[in-house]
Amino acid sequence: MSKDYYKILGVEKTATAEDIKKAFRKLAHQHHPDKESGNETKFKEINEAYQVIGNVDKRKQYDQFGADFEQQGGFGGGVGWDDFMRYARGQNGGSFDLGDLGDIFGDIFGGAFGGGGARRRQAVGNDIEMRVDLDFKEAVFGAEKTIETYRVTACQRCHGQGAEPGTTLKKCATCAGHGIVEQVQRTILGYMRQRAACPDCRGQGNRPEKTCQECTGTGVTKQLTKLRVKIPAGIDDGQAIRLDGEGEQAPYGGGAGDLYIRVTLRRQDDFQRSGNDIVSTTTISFAQAALGTKVDILTIDGVVEMKIPAGTQSSKVFRLKGKGVPQLGGSQRGDHLVTVVVHTPSKLSKAEKKLFKDLAHLHGDSIETGGLFGFRLSTAYY
Ligand SMILES: [Zn+2]
Ligand SMILES: [Zn+2]
């Protein structure tokens, strides 16, 4: 469930900082829980939205990484609203000056609560899905593929540290390396104290001496990456494999999502796949069907000789055991099923015609042939 912070504040994505501030003030007035028309849930929601898009840096991140970044705790996850309300209302009993809301709110919610919160969960980057085209045989026997993908990954310049090369990470002075700060704010509800992730080091406890030029300290950049991927034998069209941690990297030392590689099989005219079986057809003549024969069948292991017994009917299916596709993750293989098609000749020489007629005569078959001058002659042999 992702939240659209712009929608919550009723502003366009292109809204200026001033527009956002105005929209927030108006809504804050309207929904303030201490007012008759107040709604604490709504108030909390607009506050959360303003924390993010009312802040230049966070808005940039939100725009770039989207709601997922927010879901994963990147933005002010642990604000501790209940604590805030209790503290503000009970212990301080502050005096309220609703007329003065605007600027104060801007200060309180714009800055103090940010930074992921003291109970920051580790952010995880997005999962990625890619398609890979495989030949029939590659899918059957497995393959190694090189995959190229544009993805958010650890910045190569700073190796994900966010520090300009040659400079080091320093203990954060703001939080003395704890990653958490306690802030006392004068609010419309009186003074309040809040523990939050240090806004300067984002809860990391240390900061780059100088931020990396390439990633501006986020530790991630979007770049083209090559990956060698092993496709397991037996994979079928539409199936996917997951590569843990090969998805997008979350900024500021967060985790990486997963990469899903979905397989598309290229068409193969010689045979088709039916689960773990392979299906193909072979065409034989009347005579071969009647007398029996041996035919060469192309299987995925190469050409195999198959015996067709005398008296084989068209559409009969023969099974070449173990010549099919390996079970995904197993050792057993399916079969190769060969459907025999008995071909009816369409062009006969005089001699052949004579033979067929004799045959028909022998069987007592009624036949109809095209006669001279376009007449149709029906000839019955008895
Ligand atoms: Zn960098
Ligand atoms: Zn800090």
# chains A, B, ... in the order shown; residues from 1 in each chain; ligands from 1

$ closest_atom_pairs --of "chain A" --to "ligand 1" --cutoff "12 Å" --atoms "only C-alpha atoms and all ligand atoms" --output "tab-separated table"
residue	atom	partner	partner_atom_place_in_ligand_line	distance
A:Val152	CA	ligand 1	1 (Zn)	11.9
A:Thr153	CA	ligand 1	1 (Zn)	10.3
A:Ala154	CA	ligand 1	1 (Zn)	7.7
A:Cys155	CA	ligand 1	1 (Zn)	4.5
A:Gln156	CA	ligand 1	1 (Zn)	6.4
A:Arg157	CA	ligand 1	1 (Zn)	4.9
A:Cys158	CA	ligand 1	1 (Zn)	4.1
A:His159	CA	ligand 1	1 (Zn)	6.5
A:Gly160	CA	ligand 1	1 (Zn)	5.8
A:Gln161	CA	ligand 1	1 (Zn)	6.5
A:Gly162	CA	ligand 1	1 (Zn)	4.6
A:Ala163	CA	ligand 1	1 (Zn)	6.3
A:Glu164	CA	ligand 1	1 (Zn)	6.7
A:Pro165	CA	ligand 1	1 (Zn)	8.3
A:Gly166	CA	ligand 1	1 (Zn)	11.9
A:Thr167	CA	ligand 1	1 (Zn)	11.7
A:Pro208	CA	ligand 1	1 (Zn)	10.3
A:Lys210	CA	ligand 1	1 (Zn)	10.5
A:Thr211	CA	ligand 1	1 (Zn)	7.5
A:Cys212	CA	ligand 1	1 (Zn)	4.4
A:Gln213	CA	ligand 1	1 (Zn)	6.4
A:Glu214	CA	ligand 1	1 (Zn)	4.9
A:Cys215	CA	ligand 1	1 (Zn)	4.2
A:Thr216	CA	ligand 1	1 (Zn)	6.4
A:Gly217	CA	ligand 1	1 (Zn)	5.8
A:Thr218	CA	ligand 1	1 (Zn)	6.8
A:Gly219	CA	ligand 1	1 (Zn)	4.7
A:Val220	CA	ligand 1	1 (Zn)	6.4
A:Thr221	CA	ligand 1	1 (Zn)	7.4
A:Lys222	CA	ligand 1	1 (Zn)	11.1
A:Pro251	CA	ligand 1	1 (Zn)	10.3
A:Tyr252	CA	ligand 1	1 (Zn)	10.2
A:Gly253	CA	ligand 1	1 (Zn)	11.4

$ residues_near_ligand --ligand "ligand 2" --cutoff "10 Å" --atoms "only C-alpha atoms and all ligand atoms" --output "JSON, numbers by chain"
{"A": [115, 170, 171, 172, 173, 174, 175, 176, 177, 178, 179, 180, 181, 197, 198, 199, 200, 201, 202, 203, 204, 205, 206, 207]}

$ select_by_dssp --residues "stretch 80-301 of chain A" --states "strand (DSSP E)" --output "ChimeraX atom specification"
/A:128-134,143-154,169-171,180-187,190-197,206-208,220-231,240-243,259-265,272-274,277-285,293-299

$ select_by_dssp --residues "stretch 191-363 of chain A" --states "alpha helix (DSSP H)" --output "list in words"
Phe286, Ala287, Gln288, Ala289, Ala290, Leu291, Lys350, Ala351, Glu352, Lys353, Lys354, Leu355, Phe356, Lys357, Asp358, Leu359, Ala360, His361, Leu362 and His363 of chain A

$ atom_distance --atom1 "atom CA of A:Ala49" --atom2 "atom CA of A:Ala123"
18.3 Å

$ residues_around --residues "A:Leu134" --least-positions-apart "4" --cutoff "9 Å" --atoms "only C-alpha atoms" --output "PyMOL selection string"
chain A and resi 138-139+143+237+263-266

$ decode --residues "stretch 161-289 of chain A" --atoms "C-alpha atoms" --output "mmCIF file, in the first residue's frame"
data_model
loop_
_atom_site.group_PDB
_atom_site.id
_atom_site.type_symbol
_atom_site.label_atom_id
_atom_site.label_comp_id
_atom_site.auth_asym_id
_atom_site.auth_seq_id
_atom_site.Cartn_x
_atom_site.Cartn_y
_atom_site.Cartn_z
ATOM 1 C CA GLN A 161 29.831 4.731 1.347
ATOM 2 C CA GLY A 162 28.652 8.140 0.202
ATOM 3 C CA ALA A 163 32.077 9.648 0.889
ATOM 4 C CA GLU A 164 34.259 11.238 -1.747
ATOM 5 C CA PRO A 165 37.231 8.919 -2.443
ATOM 6 C CA GLY A 166 40.237 9.874 -0.389
ATOM 7 C CA THR A 167 38.069 11.238 2.368
ATOM 8 C CA THR A 168 36.804 9.205 5.286
ATOM 9 C CA LEU A 169 33.650 8.747 7.278
ATOM 10 C CA LYS A 170 33.632 10.778 10.447
ATOM 11 C CA LYS A 171 31.674 10.308 13.586
ATOM 12 C CA CYS A 172 28.584 12.481 13.268
ATOM 13 C CA ALA A 173 28.925 15.532 15.480
ATOM 14 C CA THR A 174 25.191 16.117 15.657
ATOM 15 C CA CYS A 175 24.415 12.820 17.366
ATOM 16 C CA ALA A 176 27.890 11.969 18.664
ATOM 17 C CA GLY A 177 27.799 8.776 16.634
ATOM 18 C CA HIS A 178 24.577 7.419 18.188
ATOM 19 C CA GLY A 179 22.487 7.929 15.101
ATOM 20 C CA ILE A 180 19.663 9.248 17.286
ATOM 21 C CA VAL A 181 18.958 12.764 18.419
ATOM 22 C CA GLU A 182 16.636 14.164 21.009
ATOM 23 C CA GLN A 183 15.055 17.390 20.031
ATOM 24 C CA VAL A 184 13.124 19.850 22.117
ATOM 25 C CA GLN A 185 10.733 21.939 20.135
ATOM 26 C CA ARG A 186 8.443 24.745 21.007
ATOM 27 C CA THR A 187 5.169 23.831 19.385
ATOM 28 C CA ILE A 188 1.625 25.106 19.429
ATOM 29 C CA LEU A 189 1.010 22.405 21.982
ATOM 30 C CA GLY A 190 3.844 23.587 24.185
ATOM 31 C CA TYR A 191 7.360 22.204 24.413
ATOM 32 C CA MET A 192 7.954 18.672 23.326
ATOM 33 C CA ARG A 193 10.851 16.280 23.239
ATOM 34 C CA GLN A 194 11.304 13.808 20.458
ATOM 35 C CA ARG A 195 13.790 11.064 19.777
ATOM 36 C CA ALA A 196 14.452 10.718 16.098
ATOM 37 C CA ALA A 197 17.046 9.408 13.705
ATOM 38 C CA CYS A 198 19.769 11.979 13.389
ATOM 39 C CA PRO A 199 18.846 14.132 10.408
ATOM 40 C CA ASP A 200 22.457 14.808 9.536
ATOM 41 C CA CYS A 201 23.709 11.232 9.320
ATOM 42 C CA ARG A 202 20.292 9.612 8.749
ATOM 43 C CA GLY A 203 20.738 7.355 11.717
ATOM 44 C CA GLN A 204 24.079 5.982 10.522
ATOM 45 C CA GLY A 205 26.166 7.551 13.287
ATOM 46 C CA ASN A 206 28.805 8.727 10.865
ATOM 47 C CA ARG A 207 28.953 11.072 7.930
ATOM 48 C CA PRO A 208 31.238 11.501 4.993
ATOM 49 C CA GLU A 209 33.876 14.142 5.517
ATOM 50 C CA LYS A 210 33.026 15.187 2.002
ATOM 51 C CA THR A 211 30.042 13.725 0.131
ATOM 52 C CA CYS A 212 30.701 11.751 -3.024
ATOM 53 C CA GLN A 213 30.325 13.823 -6.170
ATOM 54 C CA GLU A 214 28.793 11.000 -8.107
ATOM 55 C CA CYS A 215 25.945 10.023 -5.778
ATOM 56 C CA THR A 216 25.754 13.171 -3.639
ATOM 57 C CA GLY A 217 26.185 10.976 -0.586
ATOM 58 C CA THR A 218 23.283 8.579 -1.191
ATOM 59 C CA GLY A 219 25.732 5.760 -1.906
ATOM 60 C CA VAL A 220 23.707 4.649 -4.944
ATOM 61 C CA THR A 221 23.566 5.507 -8.617
ATOM 62 C CA LYS A 222 21.625 4.172 -11.560
ATOM 63 C CA GLN A 223 23.993 2.362 -13.852
ATOM 64 C CA LEU A 224 24.235 -0.332 -16.474
ATOM 65 C CA THR A 225 25.310 -3.595 -14.878
ATOM 66 C CA LYS A 226 26.244 -6.904 -16.422
ATOM 67 C CA LEU A 227 25.417 -10.130 -14.690
ATOM 68 C CA ARG A 228 26.248 -13.739 -15.483
ATOM 69 C CA VAL A 229 23.136 -15.779 -14.825
ATOM 70 C CA LYS A 230 22.804 -19.546 -14.678
ATOM 71 C CA ILE A 231 19.501 -20.736 -16.093
ATOM 72 C CA PRO A 232 18.619 -24.164 -14.664
ATOM 73 C CA ALA A 233 17.870 -27.102 -16.963
ATOM 74 C CA GLY A 234 14.174 -27.791 -17.479
ATOM 75 C CA ILE A 235 12.899 -24.235 -17.136
ATOM 76 C CA ASP A 236 9.758 -23.553 -19.142
ATOM 77 C CA ASP A 237 8.233 -20.581 -20.914
ATOM 78 C CA GLY A 238 6.975 -17.960 -18.461
ATOM 79 C CA GLN A 239 8.851 -19.311 -15.447
ATOM 80 C CA ALA A 240 11.175 -17.030 -13.511
ATOM 81 C CA ILE A 241 14.241 -17.443 -11.369
ATOM 82 C CA ARG A 242 15.022 -15.154 -8.472
ATOM 83 C CA LEU A 243 18.451 -13.775 -7.717
ATOM 84 C CA ASP A 244 18.550 -12.628 -4.115
ATOM 85 C CA GLY A 245 19.940 -9.182 -3.567
ATOM 86 C CA GLU A 246 20.454 -8.441 -7.265
ATOM 87 C CA GLY A 247 17.592 -5.960 -7.408
ATOM 88 C CA GLU A 248 17.890 -2.267 -6.708
ATOM 89 C CA GLN A 249 19.978 -0.989 -3.855
ATOM 90 C CA ALA A 250 18.333 1.267 -1.273
ATOM 91 C CA PRO A 251 20.198 4.508 -0.573
ATOM 92 C CA TYR A 252 22.126 5.339 2.586
ATOM 93 C CA GLY A 253 23.321 1.868 3.379
ATOM 94 C CA GLY A 254 19.981 0.079 2.937
ATOM 95 C CA GLY A 255 19.525 -3.422 1.526
ATOM 96 C CA ALA A 256 18.964 -4.564 -2.032
ATOM 97 C CA GLY A 257 15.806 -5.983 -3.593
ATOM 98 C CA ASP A 258 15.748 -9.134 -5.713
ATOM 99 C CA LEU A 259 16.098 -9.651 -9.435
ATOM 100 C CA TYR A 260 13.568 -11.883 -11.184
ATOM 101 C CA ILE A 261 14.482 -13.293 -14.556
ATOM 102 C CA ARG A 262 11.473 -14.447 -16.525
ATOM 103 C CA VAL A 263 12.091 -16.833 -19.368
ATOM 104 C CA THR A 264 10.560 -16.630 -22.830
ATOM 105 C CA LEU A 265 11.164 -19.616 -25.104
ATOM 106 C CA ARG A 266 11.895 -18.955 -28.736
ATOM 107 C CA ARG A 267 9.773 -20.971 -31.123
ATOM 108 C CA GLN A 268 11.369 -24.147 -32.326
ATOM 109 C CA ASP A 269 9.876 -25.655 -35.447
ATOM 110 C CA ASP A 270 11.272 -29.147 -35.113
ATOM 111 C CA PHE A 271 9.488 -29.932 -31.904
ATOM 112 C CA GLN A 272 7.309 -28.493 -29.206
ATOM 113 C CA ARG A 273 7.202 -28.869 -25.516
ATOM 114 C CA SER A 274 4.318 -30.227 -23.507
ATOM 115 C CA GLY A 275 5.337 -29.984 -19.869
ATOM 116 C CA ASN A 276 8.405 -32.195 -19.601
ATOM 117 C CA ASP A 277 7.576 -34.091 -22.766
ATOM 118 C CA ILE A 278 8.654 -33.104 -26.237
ATOM 119 C CA VAL A 279 6.219 -33.520 -29.087
ATOM 120 C CA SER A 280 6.988 -33.881 -32.778
ATOM 121 C CA THR A 281 5.514 -35.488 -35.876
ATOM 122 C CA THR A 282 6.997 -37.732 -38.555
ATOM 123 C CA THR A 283 5.517 -38.462 -41.935
ATOM 124 C CA ILE A 284 5.630 -41.881 -43.593
ATOM 125 C CA SER A 285 4.160 -43.302 -46.776
ATOM 126 C CA PHE A 286 1.234 -45.713 -47.231
ATOM 127 C CA ALA A 287 3.656 -48.462 -48.024
ATOM 128 C CA GLN A 288 5.808 -47.775 -44.981
ATOM 129 C CA ALA A 289 2.746 -47.674 -42.761
#
